[in-house]
file model.cif (mmCIF, C-alpha atoms)
data_upload
loop_
_atom_site.group_PDB
_atom_site.id
_atom_site.type_symbol
_atom_site.label_atom_id
_atom_site.label_comp_id
_atom_site.auth_asym_id
_atom_site.auth_seq_id
_atom_site.Cartn_x
_atom_site.Cartn_y
_atom_site.Cartn_z
ATOM 1 C CA ARG H 1 49.515 172.830 124.260
ATOM 2 C CA ALA H 2 47.419 170.879 121.713
ATOM 3 C CA PHE H 3 49.382 167.745 122.525
ATOM 4 C CA ARG H 4 48.687 168.136 126.280
ATOM 5 C CA LYS H 5 45.006 168.669 125.606
ATOM 6 C CA LEU H 6 44.879 165.528 123.433
ATOM 7 C CA ARG H 7 46.706 163.498 126.094
ATOM 8 C CA SER H 8 44.323 164.556 128.828
ATOM 9 C CA ASP H 9 41.176 163.990 126.736
ATOM 10 C CA ARG H 10 39.520 160.753 128.022
ATOM 11 C CA SER H 11 36.206 160.968 126.162
ATOM 12 C CA GLY H 12 36.917 157.964 123.859
ATOM 13 C CA VAL H 13 38.404 155.625 126.461
ATOM 14 C CA SER H 14 35.104 153.886 127.191
ATOM 15 C CA ALA H 15 34.518 153.189 123.514
ATOM 16 C CA ILE H 16 38.001 151.757 123.106
ATOM 17 C CA GLU H 17 37.616 149.590 126.209
ATOM 18 C CA PHE H 18 34.262 148.349 124.936
ATOM 19 C CA VAL H 19 35.741 147.447 121.532
ATOM 20 C CA LEU H 20 38.542 145.530 123.263
ATOM 21 C CA ILE H 21 36.299 143.694 125.751
ATOM 22 C CA PHE H 22 33.286 142.974 123.497
ATOM 23 C CA PRO H 23 34.863 140.005 121.618
ATOM 24 C CA ILE H 24 35.783 138.424 124.954
ATOM 25 C CA LEU H 25 32.210 138.819 126.190
ATOM 26 C CA VAL H 26 30.812 137.293 122.986
ATOM 27 C CA ALA H 27 33.232 134.355 123.272
ATOM 28 C CA LEU H 28 32.203 133.794 126.900
ATOM 29 C CA LEU H 29 28.522 133.865 125.932
ATOM 30 C CA ALA H 30 29.085 131.434 123.055
ATOM 31 C CA GLY H 31 31.080 129.108 125.291
ATOM 32 C CA THR H 32 28.399 129.178 127.971
ATOM 33 C CA VAL H 33 25.630 128.362 125.482
ATOM 34 C CA ASP H 34 27.725 125.647 123.839
ATOM 35 C CA PHE H 35 28.768 124.059 127.140
ATOM 36 C CA GLY H 36 25.200 124.267 128.484
ATOM 37 C CA GLN H 37 23.792 122.436 125.472
ATOM 38 C CA ALA H 38 26.540 119.813 125.674
ATOM 39 C CA LEU H 39 25.781 119.154 129.350
ATOM 40 C CA MET H 40 22.039 119.001 128.686
ATOM 41 C CA VAL H 41 22.490 116.405 125.931
ATOM 42 C CA SER H 42 24.853 114.380 128.119
ATOM 43 C CA ARG H 43 22.218 114.255 130.853
ATOM 44 C CA LYS H 44 19.504 113.330 128.354
ATOM 45 C CA MET H 45 21.655 110.528 126.919
ATOM 46 C CA ASN H 46 22.146 109.041 130.390
ATOM 47 C CA GLN H 47 18.400 109.254 130.887
ATOM 48 C CA ILE H 48 17.669 107.565 127.539
ATOM 49 C CA ALA H 49 19.975 104.621 128.231
ATOM 50 C CA GLY H 50 18.763 104.195 131.809
ATOM 51 C CA THR H 51 15.076 104.488 130.956
ATOM 52 C CA LEU H 52 15.288 102.047 128.065
ATOM 53 C CA GLY H 53 17.135 99.431 130.125
ATOM 54 C CA ASP H 54 14.834 99.896 133.109
ATOM 55 C CA MET H 55 11.659 99.585 131.029
ATOM 56 C CA VAL H 56 12.804 96.386 129.280
ATOM 57 C CA SER H 57 13.794 94.809 132.608
ATOM 58 C CA GLN H 58 10.308 95.171 134.098
ATOM 59 C CA GLN H 59 8.706 92.237 132.271
ATOM 60 C CA SER H 60 9.823 88.713 131.449
ATOM 61 C CA GLY H 61 8.324 88.764 127.965
ATOM 62 C CA TRP H 62 7.763 91.347 125.248
ATOM 63 C CA THR H 63 6.418 91.535 121.722
ATOM 64 C CA SER H 64 8.373 93.229 118.942
ATOM 65 C CA SER H 65 5.817 96.022 118.675
ATOM 66 C CA GLU H 66 6.021 96.713 122.417
ATOM 67 C CA ILE H 67 9.822 96.889 122.360
ATOM 68 C CA ASN H 68 9.786 99.103 119.254
ATOM 69 C CA ALA H 69 7.334 101.445 120.996
ATOM 70 C CA ILE H 70 9.530 101.602 124.117
ATOM 71 C CA ILE H 71 12.634 102.360 122.042
ATOM 72 C CA ALA H 72 10.850 105.044 120.023
ATOM 73 C CA GLY H 73 9.375 106.509 123.208
ATOM 74 C CA SER H 74 12.743 106.684 124.938
ATOM 75 C CA ALA H 75 14.141 108.485 121.887
ATOM 76 C CA THR H 76 11.764 111.389 122.542
ATOM 77 C CA ILE H 77 13.725 112.201 125.698
ATOM 78 C CA ILE H 78 16.357 113.905 123.509
ATOM 79 C CA GLN H 79 13.869 116.618 122.518
ATOM 80 C CA PRO H 80 14.117 119.576 121.876
ATOM 81 C CA PHE H 81 17.245 118.327 120.104
ATOM 82 C CA SER H 82 16.854 116.438 116.820
ATOM 83 C CA GLN H 83 16.317 112.676 116.932
ATOM 84 C CA THR H 84 17.997 112.109 113.558
ATOM 85 C CA ASN H 85 21.502 111.778 115.068
ATOM 86 C CA LEU H 86 20.323 109.476 117.872
ATOM 87 C CA THR H 87 20.877 105.716 117.762
ATOM 88 C CA ASN H 88 19.549 103.331 120.410
ATOM 89 C CA GLN H 89 20.295 99.668 120.632
ATOM 90 C CA VAL H 90 18.864 97.334 123.246
ATOM 91 C CA ALA H 91 20.155 93.769 123.380
ATOM 92 C CA VAL H 92 19.337 90.957 125.763
ATOM 93 C CA VAL H 93 22.464 88.859 126.143
ATOM 94 C CA ASP H 94 22.845 85.315 127.403
ATOM 95 C CA VAL H 95 25.604 84.634 129.917
ATOM 96 C CA ALA H 96 27.247 81.221 129.401
ATOM 97 C CA ALA H 97 28.829 79.035 132.082
ATOM 98 C CA ASP H 98 32.261 80.528 131.287
ATOM 99 C CA LEU H 99 30.689 84.031 131.677
ATOM 100 C CA THR H 100 30.993 84.877 127.996
ATOM 101 C CA THR H 101 28.048 86.740 126.508
ATOM 102 C CA LYS H 102 26.132 86.473 123.253
ATOM 103 C CA VAL H 103 23.107 88.348 122.008
ATOM 104 C CA ASN H 104 19.836 86.451 122.408
ATOM 105 C CA TRP H 105 17.713 89.174 120.786
ATOM 106 C CA ALA H 106 18.136 92.832 119.942
ATOM 107 C CA LYS H 107 16.158 95.809 118.666
ATOM 108 C CA ALA H 108 17.416 99.187 117.494
ATOM 109 C CA TYR H 109 16.408 102.756 116.651
ATOM 110 C CA ASN H 110 18.055 104.585 113.695
ATOM 111 C CA THR H 111 20.561 101.749 113.292
ATOM 112 C CA THR H 112 20.665 98.032 112.510
ATOM 113 C CA ALA H 113 19.879 95.641 115.349
ATOM 114 C CA LEU H 114 22.507 93.124 116.323
ATOM 115 C CA ALA H 115 22.100 89.564 115.055
ATOM 116 C CA LYS H 116 21.419 86.636 117.340
ATOM 117 C CA ASN H 117 24.668 85.181 118.787
ATOM 118 C CA ALA H 118 26.619 88.385 118.049
ATOM 119 C CA ALA H 119 29.002 89.685 120.674
ATOM 120 C CA SER H 120 27.537 91.870 123.397
ATOM 121 C CA PRO H 121 27.447 95.557 122.382
ATOM 122 C CA VAL H 122 28.538 96.508 125.892
ATOM 123 C CA ALA H 123 31.576 95.128 127.712
ATOM 124 C CA ILE H 124 30.270 93.123 130.652
ATOM 125 C CA SER H 125 32.467 92.608 133.668
ATOM 126 C CA THR H 126 32.685 89.087 135.064
ATOM 127 C CA ASP H 127 31.856 90.658 138.437
ATOM 128 C CA ILE H 128 28.254 91.241 137.355
ATOM 129 C CA ALA H 129 27.809 88.338 134.936
ATOM 130 C CA GLU H 130 26.058 85.265 136.315
ATOM 131 C CA ALA H 131 25.802 82.037 134.331
ATOM 132 C CA GLY H 132 22.274 81.334 133.118
ATOM 133 C CA VAL H 133 21.035 84.877 133.820
ATOM 134 C CA GLN H 134 20.417 87.232 130.925
ATOM 135 C CA LEU H 135 21.485 90.855 131.020
ATOM 136 C CA ILE H 136 19.832 93.778 129.277
ATOM 137 C CA THR H 137 22.344 96.048 127.572
ATOM 138 C CA VAL H 138 21.661 99.442 126.062
ATOM 139 C CA LYS H 139 23.973 101.444 123.844
ATOM 140 C CA ALA H 140 22.917 104.963 122.847
ATOM 141 C CA THR H 141 24.931 107.349 120.679
ATOM 142 C CA TYR H 142 24.360 110.936 119.620
ATOM 143 C CA ASP H 143 26.247 113.576 117.656
ATOM 144 C CA LEU H 144 25.541 117.175 118.640
ATOM 145 C CA THR H 145 26.526 120.156 116.542
ATOM 146 C CA THR H 146 25.808 123.414 118.337
ATOM 147 C CA PRO H 147 25.535 126.867 116.764
ATOM 148 C CA PHE H 148 28.918 127.807 118.205
ATOM 149 C CA SER H 149 30.829 124.507 117.955
ATOM 150 C CA THR H 150 32.417 125.430 114.624
ATOM 151 C CA LEU H 151 33.253 128.897 115.905
ATOM 152 C CA LEU H 152 34.855 127.431 119.039
ATOM 153 C CA LYS H 153 36.874 124.762 117.175
ATOM 154 C CA PRO H 154 40.176 126.589 117.776
ATOM 155 C CA VAL H 155 39.512 126.387 121.526
ATOM 156 C CA THR H 156 37.794 122.983 121.846
ATOM 157 C CA GLY H 157 39.371 121.168 118.895
ATOM 158 C CA VAL H 158 36.036 119.692 117.741
ATOM 159 C CA THR H 159 33.159 120.797 115.523
ATOM 160 C CA SER H 160 30.631 118.462 117.148
ATOM 161 C CA TYR H 161 30.242 116.500 120.355
ATOM 162 C CA HIS H 162 29.901 112.702 120.295
ATOM 163 C CA TYR H 163 28.097 110.875 123.084
ATOM 164 C CA ASN H 164 28.305 107.135 123.630
ATOM 165 C CA LYS H 165 26.308 105.957 126.653
ATOM 166 C CA THR H 166 25.888 102.384 127.841
ATOM 167 C CA PHE H 167 23.700 100.750 130.454
ATOM 168 C CA ILE H 168 23.500 97.215 131.850
ATOM 169 C CA MET H 169 20.494 95.916 133.765
ATOM 170 C CA ARG H 170 19.480 92.579 135.188
ATOM 171 C CA PRO H 171 15.898 91.394 134.554
ATOM 172 C CA ARG H 172 13.584 92.118 137.487
ATOM 173 C CA VAL H 173 10.915 89.417 137.205
ATOM 174 C CA LYS H 174 12.783 86.295 136.024
ATOM 175 C CA ASP H 175 16.324 85.526 134.965
ATOM 176 C CA THR H 176 15.357 85.881 131.289
ATOM 177 C CA VAL H 177 13.533 88.335 129.023
ATOM 178 C CA THR H 178 11.907 86.804 125.964
ATOM 179 C CA LEU H 179 10.823 88.399 122.707
ATOM 180 C CA ASP H 180 7.799 86.983 120.861
#

call {"tool": "encode", "arguments": {"input": "model.cif", "output": "structure tokens"}}
result
Amino acid sequence: RAFRKLRSDRSGVSAIEFVLIFPILVALLAGTVDFGQALMVSRKMNQIAGTLGDMVSQQSGWTSSEINAIIAGSATIIQPFSQTNLTNQVAVVDVAADLTTKVNWAKAYNTTALAKNAASPVAISTDIAEAGVQLITVKATYDLTTPFSTLLKPVTGVTSYHYNKTFIMRPRVKDTVTLD
């Protein structure tokens, strides 16, 4: 009789179900927050690279202080995330007659700028390269560590997300962009 009463008693079933389902709900919440932040940073990185390249292409000549201000301004796009893990590099590359590219001038944020005549930081297809016309290249990188990335390492395999975005733009006003 006591055994039948115990078997038919369902008063603790909800608590047991909650204890079994709660970790799954927490994992889903953590994954959603983590994935949402990762997507937001990915979008912001595309915006940083595109904005920086677009701004530099709008004039045929710049001063170092103007370019530094543009680079620093584009870095603020990453906010509310920290700017310390962000690197930006803008390089104006010369395209030779054989369609090879070399850096004419470069500026950078949170990293060292490329030297004159260095190789282009971005692979440039011969389909878009035109001899005698400079190209503006942007390379932006960012490392994001979210509150849950370490917790989700067994599922995702990583403790942080690495973004590497590139952008290529042709000058708008002339075929060259100079730096004074």

call {"tool": "atom_distance", "arguments": {"input": "model.cif", "atom1": "CA of Val177 (chain H)", "atom2": "CA of Leu86 (chain H)"}}
result
24.8 Å

call {"tool": "closest_residue", "arguments": {"input": "model.cif", "among": "H:Gly157, H:Pro147, H:Pro80, H:Gly53", "to": "Met169 (chain H)", "atoms": "all atoms listed in the file"}}
result
H:Gly53

call {"tool": "closest_residue", "arguments": {"input": "model.cif", "among": "H:Thr101, H:Gln37, H:Thr176, H:Ser64", "to": "Thr145 (chain H)", "atoms": "all atoms listed in the file"}}
result
H:Gln37

call {"tool": "residues_near_point", "arguments": {"input": "model.cif", "point": "(31.7, 119.6, 113.7)", "cutoff": "7 Å", "atoms": "only C-alpha atoms", "output": "PyMOL selection string"}}
result
chain H and resi 145+149-150+158-160

call {"tool": "residues_around", "arguments": {"input": "model.cif", "residues": "region 110-125 of chain H", "least_positions_apart": "3", "cutoff": "8 Å", "atoms": "only C-alpha atoms", "output": "ChimeraX atom specification"}}
result
/H:84,86-89,91,93,101-107,128-129,137-139,166-168

call {"tool": "write_last_selection", "arguments": {"input": "model.cif", "atoms": "C-alpha atoms", "output": "mmCIF file, in the coordinates of the input"}}
result
data_model
loop_
_atom_site.group_PDB
_atom_site.id
_atom_site.type_symbol
_atom_site.label_atom_id
_atom_site.label_comp_id
_atom_site.auth_asym_id
_atom_site.auth_seq_id
_atom_site.Cartn_x
_atom_site.Cartn_y
_atom_site.Cartn_z
ATOM 1 C CA THR H 84 17.997 112.109 113.558
ATOM 2 C CA LEU H 86 20.323 109.476 117.872
ATOM 3 C CA THR H 87 20.877 105.716 117.762
ATOM 4 C CA ASN H 88 19.549 103.331 120.410
ATOM 5 C CA GLN H 89 20.295 99.668 120.632
ATOM 6 C CA ALA H 91 20.155 93.769 123.380
ATOM 7 C CA VAL H 93 22.464 88.859 126.143
ATOM 8 C CA THR H 101 28.048 86.740 126.508
ATOM 9 C CA LYS H 102 26.132 86.473 123.253
ATOM 10 C CA VAL H 103 23.107 88.348 122.008
ATOM 11 C CA ASN H 104 19.836 86.451 122.408
ATOM 12 C CA TRP H 105 17.713 89.174 120.786
ATOM 13 C CA ALA H 106 18.136 92.832 119.942
ATOM 14 C CA LYS H 107 16.158 95.809 118.666
ATOM 15 C CA ILE H 128 28.254 91.241 137.355
ATOM 16 C CA ALA H 129 27.809 88.338 134.936
ATOM 17 C CA THR H 137 22.344 96.048 127.572
ATOM 18 C CA VAL H 138 21.661 99.442 126.062
ATOM 19 C CA LYS H 139 23.973 101.444 123.844
ATOM 20 C CA THR H 166 25.888 102.384 127.841
ATOM 21 C CA PHE H 167 23.700 100.750 130.454
ATOM 22 C CA ILE H 168 23.500 97.215 131.850
#

call {"tool": "atom_distance", "arguments": {"input": "model.cif", "atom1": "CA of Ala140 (chain H)", "atom2": "CA of Val90 (chain H)"}}
result
8.6 Å

call {"tool": "closest_residue", "arguments": {"input": "model.cif", "among": "H:Ala97, H:Ile70, H:Val133, H:Ile78", "to": "Arg43 (chain H)", "atoms": "all atoms listed in the file"}}
result
H:Ile78

call {"tool": "residues_near_point", "arguments": {"input": "model.cif", "point": "(9.5, 87.3, 123.2)", "cutoff": "8 Å", "atoms": "only C-alpha atoms", "output": "short mmCIF file (atom, residue, chain, number, x, y, z; two decimals) with C-alpha atoms, in the frame of the given file"}}
result
data_model
loop_
_atom_site.label_atom_id
_atom_site.label_comp_id
_atom_site.auth_asym_id
_atom_site.auth_seq_id
_atom_site.Cartn_x
_atom_site.Cartn_y
_atom_site.Cartn_z
CA GLY H 61 8.32 88.76 127.96
CA TRP H 62 7.76 91.35 125.25
CA THR H 63 6.42 91.54 121.72
CA SER H 64 8.37 93.23 118.94
CA VAL H 177 13.53 88.34 129.02
CA THR H 178 11.91 86.80 125.96
CA LEU H 179 10.82 88.40 122.71
CA ASP H 180 7.80 86.98 120.86
#

call {"tool": "atom_distance", "arguments": {"input": "model.cif", "atom1": "CA of Ser82 (chain H)", "atom2": "CA of Val41 (chain H)"}}
result
10.7 Å

call {"tool": "residues_around", "arguments": {"input": "model.cif", "residues": "Gln83 (chain H)", "least_positions_apart": "4", "cutoff": "12 Å", "atoms": "all atoms listed in the file", "output": "PyMOL selection string"}}
result
chain H and resi 41+44-45+48+72-79+87-88+109-110+140-144

call {"tool": "build_atoms", "arguments": {"input": "model.cif", "residues": "region 22-51 of chain H", "atoms": "N, CA and C atoms", "output": "PDB file, in the coordinates of the input"}}
result
ATOM      1  N   PHE H  22      34.458 143.574 124.128  1.00  0.00           N
ATOM      2  CA  PHE H  22      33.286 142.974 123.497  1.00  0.00           C
ATOM      3  C   PHE H  22      33.553 141.580 122.911  1.00  0.00           C
ATOM      4  N   PRO H  23      34.619 141.357 122.154  1.00  0.00           N
ATOM      5  CA  PRO H  23      34.863 140.005 121.618  1.00  0.00           C
ATOM      6  C   PRO H  23      35.030 138.956 122.729  1.00  0.00           C
ATOM      7  N   ILE H  24      35.626 139.354 123.832  1.00  0.00           N
ATOM      8  CA  ILE H  24      35.783 138.424 124.954  1.00  0.00           C
ATOM      9  C   ILE H  24      34.419 138.076 125.538  1.00  0.00           C
ATOM     10  N   LEU H  25      33.551 139.064 125.674  1.00  0.00           N
ATOM     11  CA  LEU H  25      32.210 138.819 126.190  1.00  0.00           C
ATOM     12  C   LEU H  25      31.406 137.919 125.262  1.00  0.00           C
ATOM     13  N   VAL H  26      31.515 138.136 123.957  1.00  0.00           N
ATOM     14  CA  VAL H  26      30.812 137.293 122.986  1.00  0.00           C
ATOM     15  C   VAL H  26      31.343 135.859 123.058  1.00  0.00           C
ATOM     16  N   ALA H  27      32.645 135.695 123.164  1.00  0.00           N
ATOM     17  CA  ALA H  27      33.232 134.355 123.272  1.00  0.00           C
ATOM     18  C   ALA H  27      32.773 133.657 124.552  1.00  0.00           C
ATOM     19  N   LEU H  28      32.698 134.379 125.650  1.00  0.00           N
ATOM     20  CA  LEU H  28      32.203 133.794 126.900  1.00  0.00           C
ATOM     21  C   LEU H  28      30.738 133.376 126.776  1.00  0.00           C
ATOM     22  N   LEU H  29      29.925 134.203 126.144  1.00  0.00           N
ATOM     23  CA  LEU H  29      28.522 133.865 125.932  1.00  0.00           C
ATOM     24  C   LEU H  29      28.397 132.628 125.051  1.00  0.00           C
ATOM     25  N   ALA H  30      29.136 132.582 123.962  1.00  0.00           N
ATOM     26  CA  ALA H  30      29.085 131.434 123.055  1.00  0.00           C
ATOM     27  C   ALA H  30      29.543 130.166 123.771  1.00  0.00           C
ATOM     28  N   GLY H  31      30.591 130.261 124.542  1.00  0.00           N
ATOM     29  CA  GLY H  31      31.080 129.108 125.291  1.00  0.00           C
ATOM     30  C   GLY H  31      30.073 128.620 126.314  1.00  0.00           C
ATOM     31  N   THR H  32      29.400 129.543 126.977  1.00  0.00           N
ATOM     32  CA  THR H  32      28.399 129.178 127.971  1.00  0.00           C
ATOM     33  C   THR H  32      27.215 128.468 127.315  1.00  0.00           C
ATOM     34  N   VAL H  33      26.737 128.990 126.202  1.00  0.00           N
ATOM     35  CA  VAL H  33      25.630 128.362 125.482  1.00  0.00           C
ATOM     36  C   VAL H  33      26.047 126.988 124.979  1.00  0.00           C
ATOM     37  N   ASP H  34      27.216 126.903 124.381  1.00  0.00           N
ATOM     38  CA  ASP H  34      27.725 125.647 123.839  1.00  0.00           C
ATOM     39  C   ASP H  34      27.887 124.604 124.941  1.00  0.00           C
ATOM     40  N   PHE H  35      28.531 124.968 126.020  1.00  0.00           N
ATOM     41  CA  PHE H  35      28.768 124.059 127.140  1.00  0.00           C
ATOM     42  C   PHE H  35      27.448 123.648 127.787  1.00  0.00           C
ATOM     43  N   GLY H  36      26.510 124.580 127.907  1.00  0.00           N
ATOM     44  CA  GLY H  36      25.200 124.267 128.484  1.00  0.00           C
ATOM     45  C   GLY H  36      24.445 123.246 127.656  1.00  0.00           C
ATOM     46  N   GLN H  37      24.461 123.413 126.336  1.00  0.00           N
ATOM     47  CA  GLN H  37      23.792 122.436 125.472  1.00  0.00           C
ATOM     48  C   GLN H  37      24.484 121.080 125.549  1.00  0.00           C
ATOM     49  N   ALA H  38      25.799 121.070 125.583  1.00  0.00           N
ATOM     50  CA  ALA H  38      26.540 119.813 125.674  1.00  0.00           C
ATOM     51  C   ALA H  38      26.212 119.078 126.974  1.00  0.00           C
ATOM     52  N   LEU H  39      26.135 119.783 128.075  1.00  0.00           N
ATOM     53  CA  LEU H  39      25.781 119.154 129.350  1.00  0.00           C
ATOM     54  C   LEU H  39      24.342 118.648 129.351  1.00  0.00           C
ATOM     55  N   MET H  40      23.438 119.414 128.741  1.00  0.00           N
ATOM     56  CA  MET H  40      22.039 119.001 128.686  1.00  0.00           C
ATOM     57  C   MET H  40      21.884 117.712 127.884  1.00  0.00           C
ATOM     58  N   VAL H  41      22.575 117.615 126.747  1.00  0.00           N
ATOM     59  CA  VAL H  41      22.490 116.405 125.931  1.00  0.00           C
ATOM     60  C   VAL H  41      23.136 115.224 126.658  1.00  0.00           C
ATOM     61  N   SER H  42      24.214 115.452 127.356  1.00  0.00           N
ATOM     62  CA  SER H  42      24.853 114.380 128.119  1.00  0.00           C
ATOM     63  C   SER H  42      23.887 113.816 129.168  1.00  0.00           C
ATOM     64  N   ARG H  43      23.202 114.689 129.854  1.00  0.00           N
ATOM     65  CA  ARG H  43      22.218 114.255 130.853  1.00  0.00           C
ATOM     66  C   ARG H  43      21.070 113.495 130.194  1.00  0.00           C
ATOM     67  N   LYS H  44      20.599 113.987 129.064  1.00  0.00           N
ATOM     68  CA  LYS H  44      19.504 113.330 128.354  1.00  0.00           C
ATOM     69  C   LYS H  44      19.930 111.955 127.831  1.00  0.00           C
ATOM     70  N   MET H  45      21.173 111.819 127.402  1.00  0.00           N
ATOM     71  CA  MET H  45      21.655 110.528 126.919  1.00  0.00           C
ATOM     72  C   MET H  45      21.726 109.508 128.050  1.00  0.00           C
ATOM     73  N   ASN H  46      22.168 109.929 129.227  1.00  0.00           N
ATOM     74  CA  ASN H  46      22.146 109.041 130.390  1.00  0.00           C
ATOM     75  C   ASN H  46      20.724 108.603 130.704  1.00  0.00           C
ATOM     76  N   GLN H  47      19.801 109.542 130.603  1.00  0.00           N
ATOM     77  CA  GLN H  47      18.400 109.254 130.887  1.00  0.00           C
ATOM     78  C   GLN H  47      17.811 108.294 129.848  1.00  0.00           C
ATOM     79  N   ILE H  48      18.160 108.463 128.590  1.00  0.00           N
ATOM     80  CA  ILE H  48      17.669 107.565 127.539  1.00  0.00           C
ATOM     81  C   ILE H  48      18.138 106.138 127.793  1.00  0.00           C
ATOM     82  N   ALA H  49      19.428 105.967 128.016  1.00  0.00           N
ATOM     83  CA  ALA H  49      19.975 104.621 128.231  1.00  0.00           C
ATOM     84  C   ALA H  49      19.385 103.985 129.483  1.00  0.00           C
ATOM     85  N   GLY H  50      19.309 104.733 130.558  1.00  0.00           N
ATOM     86  CA  GLY H  50      18.763 104.195 131.809  1.00  0.00           C
ATOM     87  C   GLY H  50      17.290 103.859 131.712  1.00  0.00           C
ATOM     88  N   THR H  51      16.517 104.723 131.093  1.00  0.00           N
ATOM     89  CA  THR H  51      15.076 104.488 130.956  1.00  0.00           C
ATOM     90  C   THR H  51      14.801 103.273 130.082  1.00  0.00           C
TER      91      THR H  51
END
